[in-house]
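S.K.: For reference, the file my_file_25.cif (mmCIF, C-alpha atoms) is included below:
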data_upload
#
loop_
_atom_site.group_PDB
_atom_site.id
_atom_site.type_symbol
_atom_site.label_atom_id
_atom_site.label_comp_id
_atom_site.auth_asym_id
_atom_site.auth_seq_id
_atom_site.Cartn_x
_atom_site.Cartn_y
_atom_site.Cartn_z
ATOM 1 C CA MET P 1 -2.782 17.303 -2.015
ATOM 2 C CA SER P 2 -2.082 15.885 1.429
ATOM 3 C CA ASN P 3 0.463 13.128 1.948
ATOM 4 C CA LYS P 4 -1.460 10.123 3.235
ATOM 5 C CA VAL P 5 -1.220 6.367 2.858
ATOM 6 C CA PHE P 6 -4.931 5.667 3.328
ATOM 7 C CA GLY P 7 -7.513 8.421 3.447
ATOM 8 C CA ASP P 8 -10.390 8.367 5.908
ATOM 9 C CA ASP P 9 -12.774 7.706 3.028
ATOM 10 C CA PHE P 10 -10.548 5.071 1.443
ATOM 11 C CA ASP P 11 -12.516 2.367 -0.387
ATOM 12 C CA LYS P 12 -10.652 -0.614 -1.833
ATOM 13 C CA SER P 13 -13.446 -1.288 -4.287
ATOM 14 C CA GLN P 14 -12.610 1.983 -6.016
ATOM 15 C CA SER P 15 -8.975 0.927 -6.436
ATOM 16 C CA SER P 16 -9.666 -2.128 -8.555
ATOM 17 C CA ASN P 17 -10.442 -2.081 -12.239
ATOM 18 C CA SER P 18 -12.384 -5.340 -11.878
ATOM 19 C CA SER P 19 -15.722 -3.645 -12.536
ATOM 20 C CA ASN P 20 -14.417 -2.515 -15.916
ATOM 21 C CA ILE P 21 -13.130 -5.947 -16.956
ATOM 22 C CA SER P 22 -15.764 -8.239 -15.456
ATOM 23 C CA ASN P 23 -16.603 -9.529 -18.936
ATOM 24 C CA VAL P 24 -12.959 -10.037 -19.941
ATOM 25 C CA SER P 25 -11.738 -13.646 -19.997
ATOM 26 C CA LEU P 26 -9.010 -14.750 -17.587
ATOM 27 C CA GLU P 27 -6.708 -15.207 -20.586
ATOM 28 C CA ASN P 28 -6.755 -11.453 -21.173
ATOM 29 C CA ARG P 29 -6.933 -10.130 -17.619
ATOM 30 C CA ARG P 30 -3.934 -8.714 -15.784
ATOM 31 C CA GLY P 31 -3.580 -7.096 -12.362
ATOM 32 C CA ILE P 32 -5.541 -8.271 -9.317
ATOM 33 C CA MET P 33 -9.106 -9.532 -9.695
ATOM 34 C CA THR P 34 -10.280 -8.507 -6.225
ATOM 35 C CA TYR P 35 -8.903 -7.280 -2.903
ATOM 36 C CA ASP P 36 -11.563 -9.071 -0.866
ATOM 37 C CA PHE P 37 -9.628 -12.192 0.094
ATOM 38 C CA ASN P 38 -6.683 -13.440 2.146
ATOM 39 C CA GLY P 39 -3.869 -14.656 -0.066
ATOM 40 C CA LEU P 40 -0.188 -15.591 -0.059
ATOM 41 C CA PHE P 41 1.472 -16.652 -3.310
ATOM 42 C CA VAL P 42 4.859 -16.979 -4.949
ATOM 43 C CA LEU P 43 4.683 -16.256 -8.672
ATOM 44 C CA VAL P 44 7.443 -17.407 -11.021
ATOM 45 C CA LYS P 45 7.800 -16.288 -14.631
ATOM 46 C CA ALA P 46 8.355 -19.732 -16.127
ATOM 47 C CA PRO P 47 6.245 -22.646 -17.433
ATOM 48 C CA ILE P 48 4.830 -24.935 -14.756
ATOM 49 C CA GLU P 49 6.968 -27.910 -15.819
ATOM 50 C CA GLN P 50 10.176 -25.876 -15.416
ATOM 51 C CA VAL P 51 9.093 -24.676 -11.977
ATOM 52 C CA GLY P 52 8.343 -28.239 -10.883
ATOM 53 C CA GLN P 53 11.721 -29.471 -12.136
ATOM 54 C CA ALA P 54 13.435 -26.657 -10.234
ATOM 55 C CA VAL P 55 11.647 -27.668 -7.020
ATOM 56 C CA CYS P 56 12.844 -31.256 -7.539
ATOM 57 C CA GLN P 57 16.431 -30.027 -7.735
ATOM 58 C CA MET P 58 16.087 -27.651 -4.773
ATOM 59 C CA LYS P 59 14.235 -30.000 -2.409
ATOM 60 C CA GLN P 60 13.542 -33.678 -1.782
ATOM 61 C CA VAL P 61 10.233 -34.226 -3.572
ATOM 62 C CA THR P 62 8.297 -37.347 -2.568
ATOM 63 C CA ASN P 63 5.155 -36.822 -4.668
ATOM 64 C CA TRP P 64 4.522 -34.883 -7.866
ATOM 65 C CA GLU P 65 1.052 -35.334 -9.321
ATOM 66 C CA ARG P 66 0.600 -33.513 -12.622
ATOM 67 C CA ASP P 67 -2.666 -32.156 -13.997
ATOM 68 C CA VAL P 68 -4.712 -32.745 -10.833
ATOM 69 C CA TYR P 69 -7.502 -30.224 -11.326
ATOM 70 C CA GLU P 70 -10.958 -31.809 -11.000
ATOM 71 C CA ARG P 71 -9.298 -35.156 -10.272
ATOM 72 C CA GLU P 72 -9.287 -37.141 -7.053
ATOM 73 C CA ILE P 73 -5.822 -37.418 -5.540
ATOM 74 C CA GLU P 74 -4.374 -39.027 -2.440
ATOM 75 C CA ILE P 75 -3.010 -36.447 -0.026
ATOM 76 C CA VAL P 76 0.130 -37.287 1.923
ATOM 77 C CA ASP P 77 0.639 -35.952 5.441
ATOM 78 C CA ARG P 78 3.780 -34.018 4.539
ATOM 79 C CA PRO P 79 4.565 -30.407 3.553
ATOM 80 C CA SER P 80 2.650 -29.813 0.312
ATOM 81 C CA PHE P 81 1.632 -27.126 -2.134
ATOM 82 C CA LEU P 82 -0.251 -26.591 -5.368
ATOM 83 C CA MET P 83 1.140 -24.795 -8.381
ATOM 84 C CA PHE P 84 -0.809 -23.762 -11.437
ATOM 85 C CA GLN P 85 -0.452 -21.838 -14.663
ATOM 86 C CA LEU P 86 -3.410 -19.988 -16.125
ATOM 87 C CA ARG P 87 -4.060 -20.497 -19.819
ATOM 88 C CA LYS P 88 -2.113 -18.060 -22.035
ATOM 89 C CA HIS P 89 -0.255 -16.661 -19.012
ATOM 90 C CA SER P 90 3.525 -16.827 -18.632
ATOM 91 C CA TRP P 91 3.592 -17.059 -14.817
ATOM 92 C CA THR P 92 3.300 -20.128 -12.573
ATOM 93 C CA ILE P 93 1.610 -19.523 -9.215
ATOM 94 C CA ILE P 94 2.646 -21.457 -6.090
ATOM 95 C CA SER P 95 -0.038 -21.673 -3.392
ATOM 96 C CA PRO P 96 -0.060 -23.333 0.059
ATOM 97 C CA PHE P 97 -2.125 -26.524 0.297
ATOM 98 C CA ILE P 98 -3.322 -27.059 3.871
ATOM 99 C CA LEU P 99 -5.753 -29.906 4.495
ATOM 100 C CA LEU P 100 -3.871 -32.118 6.954
ATOM 101 C CA GLN P 101 -1.875 -31.209 10.064
ATOM 102 C CA ASN P 102 1.529 -31.731 8.462
ATOM 103 C CA ASN P 103 0.670 -30.199 5.073
ATOM 104 C CA ILE P 104 1.853 -26.760 6.146
ATOM 105 C CA ILE P 105 4.797 -25.349 4.219
ATOM 106 C CA SER P 106 6.279 -21.891 4.580
ATOM 107 C CA LEU P 107 6.285 -19.628 1.524
ATOM 108 C CA SER P 108 8.275 -16.437 2.017
ATOM 109 C CA GLU P 109 10.264 -13.737 0.283
ATOM 110 C CA GLU P 110 13.200 -16.160 0.385
ATOM 111 C CA THR P 111 11.115 -18.646 -1.629
ATOM 112 C CA ALA P 112 10.630 -16.091 -4.395
ATOM 113 C CA LYS P 113 14.304 -15.131 -4.263
ATOM 114 C CA SER P 114 15.456 -18.764 -4.507
ATOM 115 C CA MET P 115 13.122 -19.595 -7.400
ATOM 116 C CA SER P 116 14.221 -16.469 -9.259
ATOM 117 C CA LEU P 117 17.901 -17.281 -8.750
ATOM 118 C CA TRP P 118 17.545 -20.969 -9.631
ATOM 119 C CA LEU P 119 15.648 -20.365 -12.872
ATOM 120 C CA HIS P 120 17.355 -17.044 -13.779
ATOM 121 C CA THR P 121 13.969 -15.407 -14.132
ATOM 122 C CA THR P 122 11.574 -12.972 -12.483
ATOM 123 C CA SER P 123 9.540 -13.883 -9.405
ATOM 124 C CA ILE P 124 7.150 -12.145 -7.013
ATOM 125 C CA TYR P 125 6.254 -12.749 -3.388
ATOM 126 C CA PHE P 126 2.686 -11.490 -2.895
ATOM 127 C CA ILE P 127 0.466 -11.185 0.190
ATOM 128 C CA THR P 128 -2.874 -9.526 0.856
ATOM 129 C CA SER P 129 -5.625 -9.633 3.473
ATOM 130 C CA ASP P 130 -9.001 -7.957 3.480
ATOM 131 C CA VAL P 131 -9.288 -8.866 7.187
ATOM 132 C CA GLY P 132 -5.860 -7.557 8.178
ATOM 133 C CA CYS P 133 -6.114 -4.629 5.722
ATOM 134 C CA TYR P 134 -2.642 -5.068 4.241
ATOM 135 C CA ILE P 135 -1.056 -5.707 0.868
ATOM 136 C CA GLY P 136 2.538 -6.281 -0.191
ATOM 137 C CA TYR P 137 4.831 -7.633 -2.884
ATOM 138 C CA HIS P 138 8.535 -8.206 -3.498
ATOM 139 C CA LEU P 139 9.872 -8.446 -7.053
ATOM 140 C CA TYR P 140 13.106 -10.346 -7.796
ATOM 141 C CA ASN P 141 15.107 -10.837 -10.967
ATOM 142 C CA SER P 142 17.752 -13.609 -10.990
ATOM 143 C CA GLY P 143 17.826 -13.481 -7.199
ATOM 144 C CA GLN P 144 18.248 -9.701 -6.976
ATOM 145 C CA SER P 145 15.697 -7.531 -5.174
ATOM 146 C CA ILE P 146 14.137 -5.117 -7.682
ATOM 147 C CA GLU P 147 11.094 -3.584 -5.992
ATOM 148 C CA ARG P 148 9.270 -4.084 -2.708
ATOM 149 C CA LEU P 149 6.101 -2.569 -1.266
ATOM 150 C CA TYR P 150 4.219 -3.182 1.952
ATOM 151 C CA ALA P 151 1.211 -1.166 3.122
ATOM 152 C CA GLU P 152 -1.091 -1.720 6.062
ATOM 153 C CA GLN P 153 -4.119 0.223 7.164
ATOM 154 C CA GLY P 154 -4.766 0.932 10.833
ATOM 155 C CA ASP P 155 -2.431 -0.127 13.646
ATOM 156 C CA TYR P 156 0.064 -1.949 11.373
ATOM 157 C CA ASP P 157 0.524 -4.872 13.794
ATOM 158 C CA LEU P 158 1.997 -7.065 11.050
ATOM 159 C CA VAL P 159 4.691 -4.661 9.941
ATOM 160 C CA ILE P 160 7.251 -6.871 11.722
ATOM 161 C CA LYS P 161 6.755 -9.366 8.878
ATOM 162 C CA PHE P 162 8.135 -6.749 6.520
ATOM 163 C CA PRO P 163 10.708 -5.069 8.802
ATOM 164 C CA ASN P 164 12.053 -1.697 7.818
ATOM 165 C CA ASN P 165 15.772 -1.332 7.115
ATOM 166 C CA ARG P 166 18.137 1.413 6.030
ATOM 167 C CA ASP P 167 17.359 0.849 2.351
ATOM 168 C CA GLU P 168 13.598 1.079 2.870
ATOM 169 C CA ASP P 169 11.667 4.316 2.532
ATOM 170 C CA GLU P 170 8.806 4.382 5.023
ATOM 171 C CA TYR P 171 5.880 6.722 5.555
ATOM 172 C CA ARG P 172 3.540 6.487 8.547
ATOM 173 C CA SER P 173 0.338 8.358 9.233
ATOM 174 C CA GLU P 174 -2.609 8.008 11.570
ATOM 175 C CA ASN P 175 -4.282 5.910 8.863
ATOM 176 C CA GLY P 176 -1.532 3.388 8.180
ATOM 177 C CA VAL P 177 2.011 2.671 7.086
ATOM 178 C CA CYS P 178 3.688 2.245 3.713
ATOM 179 C CA GLN P 179 7.168 0.895 3.011
ATOM 180 C CA PHE P 180 8.674 1.099 -0.452
ATOM 181 C CA ARG P 181 12.016 0.412 -2.129
ATOM 182 C CA SER P 182 12.667 0.266 -5.866
ATOM 183 C CA HIS P 183 15.363 0.011 -8.514
ATOM 184 C CA LEU P 184 12.707 0.507 -11.195
ATOM 185 C CA ARG P 185 11.523 4.041 -10.429
ATOM 186 C CA GLN P 186 12.342 7.143 -8.413
ATOM 187 C CA LEU P 187 9.510 7.272 -5.901
ATOM 188 C CA LYS P 188 9.058 7.802 -2.169
ATOM 189 C CA ALA P 189 6.604 5.945 0.049
ATOM 190 C CA TYR P 190 4.638 9.105 0.902
ATOM 191 C CA GLN P 191 3.940 9.629 -2.812
ATOM 192 C CA ILE P 192 1.977 6.360 -3.033
ATOM 193 C CA GLN P 193 -1.499 7.667 -2.256
ATOM 194 C CA ASP P 194 -3.308 4.379 -2.929
ATOM 195 C CA PRO P 195 -1.174 1.228 -2.355
ATOM 196 C CA TYR P 196 -3.916 -1.035 -3.739
ATOM 197 C CA ALA P 197 -4.177 0.793 -7.061
ATOM 198 C CA PHE P 198 -0.364 1.026 -7.170
ATOM 199 C CA THR P 199 -0.058 -2.755 -6.677
ATOM 200 C CA ASN P 200 -2.680 -3.421 -9.339
ATOM 201 C CA LYS P 201 -0.765 -1.272 -11.832
ATOM 202 C CA PHE P 202 2.521 -2.968 -10.885
ATOM 203 C CA LEU P 203 1.043 -6.413 -11.579
ATOM 204 C CA GLN P 204 -0.269 -5.215 -14.935
ATOM 205 C CA GLU P 205 3.214 -3.918 -15.791
ATOM 206 C CA GLN P 206 4.616 -7.374 -15.019
ATOM 207 C CA ASP P 207 1.922 -9.072 -17.158
ATOM 208 C CA VAL P 208 0.601 -10.894 -14.062
ATOM 209 C CA LEU P 209 -2.904 -11.834 -12.947
ATOM 210 C CA VAL P 210 -3.484 -12.513 -9.224
ATOM 211 C CA ILE P 211 -6.750 -14.317 -8.517
ATOM 212 C CA ASP P 212 -8.637 -15.038 -5.295
ATOM 213 C CA PHE P 213 -7.761 -18.727 -5.439
ATOM 214 C CA TYR P 214 -9.259 -21.051 -2.861
ATOM 215 C CA LEU P 215 -10.161 -24.741 -2.793
ATOM 216 C CA LEU P 216 -13.578 -26.259 -2.337
ATOM 217 C CA ASN P 217 -13.375 -28.959 0.329
ATOM 218 C CA ARG P 218 -14.702 -32.104 -1.285
ATOM 219 C CA PHE P 219 -13.325 -35.117 0.574
ATOM 220 C CA LYS P 220 -14.153 -38.668 -0.508
ATOM 221 C CA GLY P 221 -12.769 -40.843 2.248
ATOM 222 C CA GLU P 222 -9.613 -40.497 4.300
ATOM 223 C CA LYS P 223 -6.864 -38.520 2.569
ATOM 224 C CA LYS P 224 -8.779 -38.492 -0.716
ATOM 225 C CA TYR P 225 -9.453 -35.092 -2.186
ATOM 226 C CA THR P 226 -10.966 -33.780 -5.406
ATOM 227 C CA VAL P 227 -9.086 -30.627 -6.388
ATOM 228 C CA THR P 228 -11.680 -28.020 -7.345
ATOM 229 C CA SER P 229 -12.249 -24.287 -6.992
ATOM 230 C CA TRP P 230 -14.285 -21.636 -8.795
ATOM 231 C CA LEU P 231 -11.915 -21.953 -11.768
ATOM 232 C CA LYS P 232 -13.009 -23.813 -14.885
ATOM 233 C CA ARG P 233 -10.721 -26.481 -16.296
ATOM 234 C CA ASP P 234 -10.331 -24.461 -19.496
ATOM 235 C CA ASP P 235 -8.951 -21.551 -17.436
ATOM 236 C CA LEU P 236 -5.810 -23.576 -16.701
ATOM 237 C CA GLU P 237 -2.829 -24.792 -18.619
ATOM 238 C CA ARG P 238 -2.231 -27.171 -15.734
ATOM 239 C CA MET P 239 -2.388 -27.544 -11.957
ATOM 240 C CA ASP P 240 0.034 -29.822 -10.068
ATOM 241 C CA TYR P 241 0.315 -31.157 -6.518
ATOM 242 C CA ILE P 242 3.778 -31.506 -4.939
ATOM 243 C CA ALA P 243 4.709 -32.970 -1.546
ATOM 244 C CA LEU P 244 8.142 -32.735 0.042
ATOM 245 C CA SER P 245 9.938 -34.836 2.617
ATOM 246 C CA GLN P 246 8.879 -34.281 6.220
ATOM 247 C CA ALA P 247 12.144 -32.459 6.960
ATOM 248 C CA CYS P 248 11.291 -29.680 4.471
ATOM 249 C CA THR P 249 9.328 -27.031 6.340
ATOM 250 C CA ASP P 250 9.887 -24.275 3.797
ATOM 251 C CA LEU P 251 10.423 -23.871 0.071
ATOM 252 C CA THR P 252 13.714 -21.958 -0.193
#
Please go through the file and, once you have read it, give me the structure as structure tokens.
M.R.:
Amino acid sequence: MSNKVFGDDFDKSQSSNSSNISNVSLENRRGIMTYDFNGLFVLVKAPIEQVGQAVCQMKQVTNWERDVYEREIEIVDRPSFLMFQLRKHSWTIISPFILLQNNIISLSEETAKSMSLWLHTTSIYFITSDVGCYIGYHLYNSGQSIERLYAEQGDYDLVIKFPNNRDEDEYRSENGVCQFRSHLRQLKAYQIQDPYAFTNKFLQEQDVLVIDFYLLNRFKGEKKYTVTSWLKRDDLERMDYIALSQACTDLT
């Protein structure tokens, strides 16, 4: 078997088990639902209320609207994000919320590290792009780095976002690049034949479901927004909206 990150005939659709679980409810799904989206999330293994309280202690929170899904809310022109917990899931997902110019907030590996340290729990920084052809995650436990993977197909222009260091094992080929470091398993980057399938299995091991979450833009007047997506209300334990002071440009 040749050592390759992405084969010439690589097909992401064959890496997902979504076709086998299409009739399974969100309550029972784990892994990643689809690879055909652009996403950046921080996932924290804690109830949504605990995560919100931690944010209030870490940062200056100006607005915290609880249970906003399918409700009209007033958006403030300050750094903001949504967080939600799927029903019968133990993880809270933090997602950027960008509708106004000053809504932008930076979520990074440091965000996941800080949340993990603050709550003495497990957290994951997760990114993927079907346009950029990359996927990556970084697992923390109580602020300590446990496992990290980044893989990009093609010219790997974005590898600077996940810079290599002396502790990182890296494998490059004409098809792409893969970086990997772990305290969970003895494995080298070149041994990861399919980074998408590997990431899906990792998420299942962590009892996590990553969904292709996006908002439907339904404005009703200036700075009024009805929070909706393809999710059903019964899919959620809760979804909250949090805004920080203007000085907070990141969540770390």
S.K.: For each of P:Glu237, P:Glu74, P:Glu152, P:Asp207, take the minimum atom-to-atom distance to Asp194 (chain P), counting all atoms listed in the file, then give the residue where this is smallest.
M.R.: P:Glu152
S.K.: Selection in question (the file shown): the PyMOL selection byres ((chain P and resi 86) around 8). Which residues does it include, as a list in words?
M.R.: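 Those residues are Leu26, Glu27, Phe84, Gln85, Arg87, Lys88, His89, Trp91, Thr92, Asp235, Leu236, Glu237 and Arg238 of chain P.
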S.K.: Could you jot down the CA of Val68 (chain P) to CA of Ile104 (chain P) separation for me, Å, one decimal place?
M.R.: 19.2 Å
S.K.: Go through the shown structure with the PyMOL selection byres ((chain P and resi 251) around 10) and write out the matching residues as a PDB file with C-alpha atoms, keeping the file's coordinate frame.
M.R.:
ATOM      1  CA  VAL P  55      11.647 -27.668  -7.020  1.00  0.00           C
ATOM      2  CA  MET P  58      16.087 -27.651  -4.773  1.00  0.00           C
ATOM      3  CA  LYS P  59      14.235 -30.000  -2.409  1.00  0.00           C
ATOM      4  CA  PRO P  79       4.565 -30.407   3.553  1.00  0.00           C
ATOM      5  CA  SER P  80       2.650 -29.813   0.312  1.00  0.00           C
ATOM      6  CA  PHE P  81       1.632 -27.126  -2.134  1.00  0.00           C
ATOM      7  CA  ILE P 105       4.797 -25.349   4.219  1.00  0.00           C
ATOM      8  CA  SER P 106       6.279 -21.891   4.580  1.00  0.00           C
ATOM      9  CA  LEU P 107       6.285 -19.628   1.524  1.00  0.00           C
ATOM     10  CA  SER P 108       8.275 -16.437   2.017  1.00  0.00           C
ATOM     11  CA  GLU P 110      13.200 -16.160   0.385  1.00  0.00           C
ATOM     12  CA  THR P 111      11.115 -18.646  -1.629  1.00  0.00           C
ATOM     13  CA  ALA P 112      10.630 -16.091  -4.395  1.00  0.00           C
ATOM     14  CA  SER P 114      15.456 -18.764  -4.507  1.00  0.00           C
ATOM     15  CA  MET P 115      13.122 -19.595  -7.400  1.00  0.00           C
ATOM     16  CA  LEU P 244       8.142 -32.735   0.042  1.00  0.00           C
ATOM     17  CA  CYS P 248      11.291 -29.680   4.471  1.00  0.00           C
ATOM     18  CA  THR P 249       9.328 -27.031   6.340  1.00  0.00           C
ATOM     19  CA  ASP P 250       9.887 -24.275   3.797  1.00  0.00           C
ATOM     20  CA  THR P 252      13.714 -21.958  -0.193  1.00  0.00           C
TER      21      THR P 252
END
S.K.: What is the CA of Pro47 (chain P)-CA of His120 (chain P) distance in Å, reported with one decimal?
M.R.: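 Computing it gives 13.0 Å between the two atoms.
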S.K.: Point out the residue among P:Ser145, P:Asn63, P:Thr128, P:Asn28 with the least atom-to-atom distance to Asp77 (chain P), counting all atoms listed in the file.
M.R.: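 Result for the nearest residue to Asp77 (chain P): P:Asn63.
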S.K.: Do you know which residues the PyMOL selection byres ((chain P and resi 215) around 6) returns on this file, as a list of chain:residue names?
M.R.: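 Residues picked by the PyMOL selection byres ((chain P and resi 215) around 6): P:Tyr214, P:Leu216, P:Thr228, P:Ser229.
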S.K.: So how many Å separate CA of Asn141 (chain P) and CA of Leu117 (chain P), to one decimal?
M.R.: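 The value is 7.4 Å.
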S.K.: Looking at all atoms listed in the file, which of P:Tyr171, P:Phe202, P:Tyr134, P:Tyr69 is the one that sits closest to Tyr190 (chain P)?
M.R.: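 Closest candidate: P:Tyr171.
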S.K.: For Val76 (chain P), which residue among P:Cys56, P:Val177, P:Cys133, P:Ile98 is the nearest when counting only C-alpha atoms?
M.R.: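 Counting only C-alpha atoms, the residue closest to Val76 (chain P) is P:Ile98.
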S.K.: Set up a box along x, y and z of the file covering all listed atoms of region 184-203 of chain P, add 8 Å on every one of the six sides, and write the centre and edge lengths in Å to one decimal, as JSON.
M.R.:
{"center_x": 4.3, "center_y": 1.6, "center_z": -5.5, "size_x": 32.9, "size_y": 32.0, "size_z": 28.7}
S.K.: Give me the residues within 9 Å of Ile211 (chain P) as a ChimeraX atom specification, counting all atoms listed in the file and dropping any in the same chain fewer than 2 places off.
M.R.: /P:31-34,39,209,213
S.K.: Just give me the residues with any atom within 9 Å of (1.5, -30.5, -10.7), file coordinates, counting only C-alpha atoms, written as a PDB file with C-alpha atoms, keeping the file's coordinate frame.
M.R.:
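This went into result-v9.pdb:
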ATOM      1  CA  ILE P  48       4.830 -24.935 -14.756  1.00  0.00           C
ATOM      2  CA  GLU P  49       6.968 -27.910 -15.819  1.00  0.00           C
ATOM      3  CA  GLY P  52       8.343 -28.239 -10.883  1.00  0.00           C
ATOM      4  CA  TRP P  64       4.522 -34.883  -7.866  1.00  0.00           C
ATOM      5  CA  GLU P  65       1.052 -35.334  -9.321  1.00  0.00           C
ATOM      6  CA  ARG P  66       0.600 -33.513 -12.622  1.00  0.00           C
ATOM      7  CA  ASP P  67      -2.666 -32.156 -13.997  1.00  0.00           C
ATOM      8  CA  VAL P  68      -4.712 -32.745 -10.833  1.00  0.00           C
ATOM      9  CA  LEU P  82      -0.251 -26.591  -5.368  1.00  0.00           C
ATOM     10  CA  MET P  83       1.140 -24.795  -8.381  1.00  0.00           C
ATOM     11  CA  PHE P  84      -0.809 -23.762 -11.437  1.00  0.00           C
ATOM     12  CA  ARG P 238      -2.231 -27.171 -15.734  1.00  0.00           C
ATOM     13  CA  MET P 239      -2.388 -27.544 -11.957  1.00  0.00           C
ATOM     14  CA  ASP P 240       0.034 -29.822 -10.068  1.00  0.00           C
ATOM     15  CA  TYR P 241       0.315 -31.157  -6.518  1.00  0.00           C
ATOM     16  CA  ILE P 242       3.778 -31.506  -4.939  1.00  0.00           C
TER      17      ILE P 242
END
S.K.: How close does region 179-226 of chain P get to region 146-150 of chain P? List, as a tab-separated table, each residue of region 179-226 of chain P within 12 Å, its nearest atom pair and the distance in Å to one decimal, counting only C-alpha atoms.
M.R.:
residue	atom	partner	partner_atom	distance
P:Gln179	CA	P:Tyr150	CA	5.1
P:Phe180	CA	P:Leu149	CA	4.6
P:Arg181	CA	P:Arg148	CA	5.3
P:Ser182	CA	P:Glu147	CA	4.2
P:His183	CA	P:Ile146	CA	5.3
P:Leu184	CA	P:Ile146	CA	6.8
P:Arg185	CA	P:Glu147	CA	8.8
P:Gln186	CA	P:Glu147	CA	11.1
P:Leu187	CA	P:Glu147	CA	11.0
P:Lys188	CA	P:Leu149	CA	10.8
P:Ala189	CA	P:Leu149	CA	8.6
P:Tyr190	CA	P:Leu149	CA	12.0
P:Ile192	CA	P:Leu149	CA	10.0
P:Asp194	CA	P:Tyr150	CA	11.7
P:Pro195	CA	P:Tyr150	CA	8.2
P:Tyr196	CA	P:Tyr150	CA	10.2
P:Phe198	CA	P:Leu149	CA	9.5
P:Thr199	CA	P:Leu149	CA	8.2
P:Asn200	CA	P:Leu149	CA	12.0
P:Phe202	CA	P:Glu147	CA	9.9
P:Leu203	CA	P:Glu147	CA	11.8
P:Gln206	CA	P:Glu147	CA	11.7
S.K.: For C-alpha atoms, I'd like the residues from the last selection saved as a PDB file, in the coordinates of the input.
M.R.:
ATOM      1  CA  GLN P 179       7.168   0.895   3.011  1.00  0.00           C
ATOM      2  CA  PHE P 180       8.674   1.099  -0.452  1.00  0.00           C
ATOM      3  CA  ARG P 181      12.016   0.412  -2.129  1.00  0.00           C
ATOM      4  CA  SER P 182      12.667   0.266  -5.866  1.00  0.00           C
ATOM      5  CA  HIS P 183      15.363   0.011  -8.514  1.00  0.00           C
ATOM      6  CA  LEU P 184      12.707   0.507 -11.195  1.00  0.00           C
ATOM      7  CA  ARG P 185      11.523   4.041 -10.429  1.00  0.00           C
ATOM      8  CA  GLN P 186      12.342   7.143  -8.413  1.00  0.00           C
ATOM      9  CA  LEU P 187       9.510   7.272  -5.901  1.00  0.00           C
ATOM     10  CA  LYS P 188       9.058   7.802  -2.169  1.00  0.00           C
ATOM     11  CA  ALA P 189       6.604   5.945   0.049  1.00  0.00           C
ATOM     12  CA  TYR P 190       4.638   9.105   0.902  1.00  0.00           C
ATOM     13  CA  ILE P 192       1.977   6.360  -3.033  1.00  0.00           C
ATOM     14  CA  ASP P 194      -3.308   4.379  -2.929  1.00  0.00           C
ATOM     15  CA  PRO P 195      -1.174   1.228  -2.355  1.00  0.00           C
ATOM     16  CA  TYR P 196      -3.916  -1.035  -3.739  1.00  0.00           C
ATOM     17  CA  PHE P 198      -0.364   1.026  -7.170  1.00  0.00           C
ATOM     18  CA  THR P 199      -0.058  -2.755  -6.677  1.00  0.00           C
ATOM     19  CA  ASN P 200      -2.680  -3.421  -9.339  1.00  0.00           C
ATOM     20  CA  PHE P 202       2.521  -2.968 -10.885  1.00  0.00           C
ATOM     21  CA  LEU P 203       1.043  -6.413 -11.579  1.00  0.00           C
ATOM     22  CA  GLN P 206       4.616  -7.374 -15.019  1.00  0.00           C
TER      23      GLN P 206
END
S.K.: For each of P:Ser95, P:Gln153, P:Asn38, P:Ser245, take the minimum atom-to-atom distance to Val131 (chain P), counting all atoms listed in the file, then give the residue where this is smallest.
M.R.: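 Of P:Ser95, P:Gln153, P:Asn38, P:Ser245, the one nearest Val131 (chain P) is P:Asn38, counting all atoms listed in the file.
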S.K.: Could you write region 192-200 of chain P as a compact mmCIF listing (two decimals), keeping the file's coordinate frame, with N, CA and C atoms rebuilt where they are missing?
M.R.:
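Saved result, selection07.txt, follows:
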# COMPACT_ATOMS: atom_id res chain seq x y z
N ILE P 192 2.91 7.42 -2.65
CA ILE P 192 1.98 6.36 -3.03
C ILE P 192 0.67 6.59 -2.28
N GLN P 193 -0.24 7.30 -2.90
CA GLN P 193 -1.50 7.67 -2.26
C GLN P 193 -2.40 6.45 -2.02
N ASP P 194 -2.41 5.54 -2.98
CA ASP P 194 -3.31 4.38 -2.93
C ASP P 194 -2.49 3.12 -3.20
N PRO P 195 -2.02 2.42 -2.16
CA PRO P 195 -1.17 1.23 -2.36
C PRO P 195 -1.87 0.12 -3.13
N TYR P 196 -3.19 0.02 -3.02
CA TYR P 196 -3.92 -1.03 -3.74
C TYR P 196 -3.90 -0.77 -5.25
N ALA P 197 -4.21 0.44 -5.64
CA ALA P 197 -4.18 0.79 -7.06
C ALA P 197 -2.75 0.71 -7.59
N PHE P 198 -1.77 1.09 -6.77
CA PHE P 198 -0.36 1.03 -7.17
C PHE P 198 0.05 -0.43 -7.42
N THR P 199 -0.38 -1.33 -6.52
CA THR P 199 -0.06 -2.76 -6.68
C THR P 199 -0.73 -3.33 -7.91
N ASN P 200 -1.97 -2.95 -8.15
CA ASN P 200 -2.68 -3.42 -9.34
C ASN P 200 -1.95 -3.00 -10.61
